[in-house]
Amino acid sequence: MQNELFLFRKMQEGDWNAFNSFFESYAERLYLYAVGFVGSREEAEDVVQDTFVYLWVNRAKIAYTGSVYAYLSRAVKNSCIDYKLHAEVERKYQREILASQDEFIEETENLDELYGRLQVVMNSLPPKCKEIFILGCVEGLSYKEVAEQLGVSVNTVKTQVKVAYKKIKSEFGDQHKNFMLILCNSFFREEVER
């Protein structure tokens with residue numbers, strides 16, 4: 001205990017060797033604990049690594065509570081819980097998206113016909129409007145980034161995106177706009193690959 005307190009204080013002063021002794025003593029146990037919790041070796045490695053990075057970066061602010069291992073294991077446990085919660089939210093979101101896609105496909109024509117309708121809409125857009133829509137809404141660039149890349153104003157980008165959305169909405173309706181954005185993404189990926 002006395003030796004750990006001494007090492008902890010040395011680490012707080014910036015002694016890398018003191019920090020490294022904690023890493024060598026506890027990393028493997030923390031990793032095994034994290035693997036058991038999250039079930040993924042890669043994620044467990046990330047959790048443990050992030051915990052030690054946090055320890056080093058915040059070493060001056062952390063108070064010694066009697067056990068560095070207890071502190072680190074609590075931090076790893078909290079990170080694992082956060083990981084599990086985040087993974088569950090992602091799975092729930094993906095299930096909802098898939099369910100809404102299935103629902104939409106059941107209510108409408110088959111997918112090939114939807115692609116055909118989308119292709120007609122996209123080909124009816126003026127070339128600059130189509131390019132702006134692809135960069136902003138499909139590739140995820142900000143209005144400012146699109147404007148800079150194409151040498152146009154941000155207002156022009158906003159206007160052209162509105163024009164594209166309006167055409168898509170008039171063809172497919174407002175209730176399916178999220179699905180249409182997914183369909184647009186896959187449509188443009190196919191166009192680029194051709």
# chains A, B, ... in the order shown; residues from 1 in each chain; ligands from 1
call {"tool": "residues_around", "arguments": {"residues": "segment 18-32 of chain A", "least_positions_apart": "6", "cutoff": "7 Å", "atoms": "only C-alpha atoms", "output": "CSV table (one decimal) with N, CA and C atoms, in the first residue's frame"}}
result
chain,number,residue,atom,x,y,z
A,7,LEU,N,4.3,5.3,-5.7
A,7,LEU,CA,4.2,5.3,-7.2
A,7,LEU,C,3.2,6.2,-7.7
A,8,PHE,N,2.0,6.3,-7.1
A,8,PHE,CA,0.9,7.1,-7.5
A,8,PHE,C,1.4,8.6,-7.5
A,10,LYS,N,4.5,9.7,-7.6
A,10,LYS,CA,5.5,9.8,-8.7
A,10,LYS,C,4.8,10.0,-10.1
A,11,MET,N,3.8,9.2,-10.3
A,11,MET,CA,3.0,9.3,-11.6
A,11,MET,C,2.4,10.7,-11.7
A,44,ALA,N,-12.8,-4.5,-25.6
A,44,ALA,CA,-12.2,-4.6,-24.2
A,44,ALA,C,-10.8,-3.9,-24.3
A,45,GLU,N,-10.1,-4.2,-25.3
A,45,GLU,CA,-8.7,-3.5,-25.4
A,45,GLU,C,-8.9,-2.0,-25.5
A,48,VAL,N,-9.8,-0.6,-21.9
A,48,VAL,CA,-8.7,-0.6,-21.0
A,48,VAL,C,-7.7,0.5,-21.4
A,69,TYR,N,-5.9,0.0,-8.4
A,69,TYR,CA,-6.7,-1.1,-9.1
A,69,TYR,C,-8.2,-0.9,-8.9
A,73,SER,N,-10.6,-0.4,-12.0
A,73,SER,CA,-11.7,-1.4,-12.3
A,73,SER,C,-13.0,-0.7,-12.3
call {"tool": "select_by_dssp", "arguments": {"residues": "segment 44-162 of chain A", "states": "helix (DSSP H, G or I)", "output": "ChimeraX atom specification"}}
result
/A:44-57,68-107,111-124,127-138,143-150,154-162
call {"tool": "atom_distance", "arguments": {"atom1": "atom CA of Ser124 of chain A", "atom2": "atom CA of Ala164 of chain A"}}
result
9.6 Å
call {"tool": "residues_around", "arguments": {"residues": "segment 58-60 of chain A", "least_positions_apart": "5", "cutoff": "9 Å", "atoms": "only C-alpha atoms", "output": "compact mmCIF listing (two decimals) with N, CA, C and O atoms, in the first residue's frame"}}
result
# COMPACT_ATOMS: atom_id res chain seq x y z
N PHE A 8 2.03 6.26 -7.05
CA PHE A 8 0.95 7.14 -7.49
C PHE A 8 1.40 8.60 -7.48
O PHE A 8 1.16 9.34 -8.44
N ARG A 9 2.06 8.99 -6.43
CA ARG A 9 2.54 10.38 -6.34
C ARG A 9 3.60 10.66 -7.40
O ARG A 9 3.65 11.73 -7.98
N MET A 11 3.78 9.19 -10.30
CA MET A 11 3.04 9.29 -11.56
C MET A 11 2.41 10.67 -11.68
O MET A 11 2.45 11.29 -12.75
N GLN A 12 1.84 11.17 -10.60
CA GLN A 12 1.22 12.49 -10.64
C GLN A 12 2.23 13.58 -10.98
O GLN A 12 1.87 14.59 -11.57
N GLU A 13 3.49 13.34 -10.64
CA GLU A 13 4.55 14.30 -10.97
C GLU A 13 5.06 14.12 -12.40
O GLU A 13 5.94 14.86 -12.84
N GLY A 14 4.52 13.12 -13.11
CA GLY A 14 4.90 12.92 -14.50
C GLY A 14 5.89 11.80 -14.73
O GLY A 14 6.43 11.68 -15.83
N VAL A 53 -5.24 5.82 -20.59
CA VAL A 53 -4.99 7.15 -21.16
C VAL A 53 -5.60 8.21 -20.25
O VAL A 53 -4.97 9.23 -19.95
call {"tool": "closest_residue", "arguments": {"among": "A:Phe52, A:Val57, A:Ser170, A:Gly140", "to": "Tyr71 of chain A", "atoms": "only C-alpha atoms"}}
result
A:Phe52
call {"tool": "residues_around", "arguments": {"residues": "segment 128-134 of chain A", "least_positions_apart": "4", "cutoff": "8 Å", "atoms": "only C-alpha atoms", "output": "VMD selection string"}}
result
chain A and resid 122 to 123 138 to 139 146 157 160 to 161 163 to 164 188
call {"tool": "residues_around", "arguments": {"residues": "Glu43 of chain A", "least_positions_apart": "5", "cutoff": "12 Å", "atoms": "only C-alpha atoms", "output": "MDAnalysis selection string"}}
result
chainID A and resid 31:38 48:50 76 79:84 87
call {"tool": "write_last_selection", "arguments": {"atoms": "N, CA and C atoms", "output": "PDB file, in the first residue's frame"}}
result
ATOM      1  N   TYR A  31      -8.285  -6.103 -18.636  1.00  0.00           N
ATOM      2  CA  TYR A  31      -8.679  -6.572 -19.965  1.00  0.00           C
ATOM      3  C   TYR A  31      -9.588  -7.801 -19.843  1.00  0.00           C
ATOM      4  N   LEU A  32      -9.212  -8.779 -19.033  1.00  0.00           N
ATOM      5  CA  LEU A  32     -10.024  -9.987 -18.862  1.00  0.00           C
ATOM      6  C   LEU A  32     -11.400  -9.649 -18.283  1.00  0.00           C
ATOM      7  N   TYR A  33     -11.411  -8.705 -17.353  1.00  0.00           N
ATOM      8  CA  TYR A  33     -12.683  -8.254 -16.788  1.00  0.00           C
ATOM      9  C   TYR A  33     -13.554  -7.625 -17.879  1.00  0.00           C
ATOM     10  N   ALA A  34     -12.954  -6.769 -18.688  1.00  0.00           N
ATOM     11  CA  ALA A  34     -13.701  -6.075 -19.745  1.00  0.00           C
ATOM     12  C   ALA A  34     -14.206  -7.050 -20.806  1.00  0.00           C
ATOM     13  N   VAL A  35     -13.385  -8.030 -21.184  1.00  0.00           N
ATOM     14  CA  VAL A  35     -13.820  -9.025 -22.180  1.00  0.00           C
ATOM     15  C   VAL A  35     -15.046  -9.766 -21.658  1.00  0.00           C
ATOM     16  N   GLY A  36     -15.006 -10.152 -20.397  1.00  0.00           N
ATOM     17  CA  GLY A  36     -16.151 -10.840 -19.811  1.00  0.00           C
ATOM     18  C   GLY A  36     -17.406  -9.980 -19.800  1.00  0.00           C
ATOM     19  N   PHE A  37     -17.222  -8.697 -19.709  1.00  0.00           N
ATOM     20  CA  PHE A  37     -18.358  -7.782 -19.628  1.00  0.00           C
ATOM     21  C   PHE A  37     -18.922  -7.465 -21.006  1.00  0.00           C
ATOM     22  N   VAL A  38     -18.060  -7.071 -21.959  1.00  0.00           N
ATOM     23  CA  VAL A  38     -18.544  -6.633 -23.270  1.00  0.00           C
ATOM     24  C   VAL A  38     -18.552  -7.743 -24.315  1.00  0.00           C
ATOM     25  N   VAL A  48      -9.847  -0.626 -21.921  1.00  0.00           N
ATOM     26  CA  VAL A  48      -8.701  -0.602 -21.000  1.00  0.00           C
ATOM     27  C   VAL A  48      -7.700   0.470 -21.410  1.00  0.00           C
ATOM     28  N   GLN A  49      -7.432   0.539 -22.701  1.00  0.00           N
ATOM     29  CA  GLN A  49      -6.491   1.563 -23.183  1.00  0.00           C
ATOM     30  C   GLN A  49      -7.007   2.966 -22.862  1.00  0.00           C
ATOM     31  N   ASP A  50      -8.278   3.208 -23.128  1.00  0.00           N
ATOM     32  CA  ASP A  50      -8.858   4.524 -22.832  1.00  0.00           C
ATOM     33  C   ASP A  50      -8.795   4.840 -21.344  1.00  0.00           C
ATOM     34  N   VAL A  76     -13.189   1.020 -15.682  1.00  0.00           N
ATOM     35  CA  VAL A  76     -13.418   0.027 -16.743  1.00  0.00           C
ATOM     36  C   VAL A  76     -14.873  -0.440 -16.715  1.00  0.00           C
ATOM     37  N   SER A  79     -17.089   2.208 -18.209  1.00  0.00           N
ATOM     38  CA  SER A  79     -16.924   2.255 -19.663  1.00  0.00           C
ATOM     39  C   SER A  79     -17.621   1.084 -20.340  1.00  0.00           C
ATOM     40  N   CYS A  80     -17.546  -0.084 -19.722  1.00  0.00           N
ATOM     41  CA  CYS A  80     -18.220  -1.262 -20.272  1.00  0.00           C
ATOM     42  C   CYS A  80     -19.738  -1.080 -20.265  1.00  0.00           C
ATOM     43  N   ILE A  81     -20.257  -0.519 -19.180  1.00  0.00           N
ATOM     44  CA  ILE A  81     -21.697  -0.254 -19.101  1.00  0.00           C
ATOM     45  C   ILE A  81     -22.096   0.730 -20.188  1.00  0.00           C
ATOM     46  N   ASP A  82     -21.310   1.789 -20.360  1.00  0.00           N
ATOM     47  CA  ASP A  82     -21.588   2.762 -21.421  1.00  0.00           C
ATOM     48  C   ASP A  82     -21.579   2.089 -22.787  1.00  0.00           C
ATOM     49  N   TYR A  83     -20.611   1.210 -23.005  1.00  0.00           N
ATOM     50  CA  TYR A  83     -20.509   0.499 -24.281  1.00  0.00           C
ATOM     51  C   TYR A  83     -21.761  -0.344 -24.519  1.00  0.00           C
ATOM     52  N   LYS A  84     -22.190  -1.087 -23.500  1.00  0.00           N
ATOM     53  CA  LYS A  84     -23.371  -1.948 -23.646  1.00  0.00           C
ATOM     54  C   LYS A  84     -24.626  -1.114 -23.924  1.00  0.00           C
ATOM     55  N   ALA A  87     -24.433   0.172 -27.494  1.00  0.00           N
ATOM     56  CA  ALA A  87     -24.679  -0.918 -28.441  1.00  0.00           C
ATOM     57  C   ALA A  87     -26.165  -1.251 -28.496  1.00  0.00           C
TER      58      ALA A  87
END
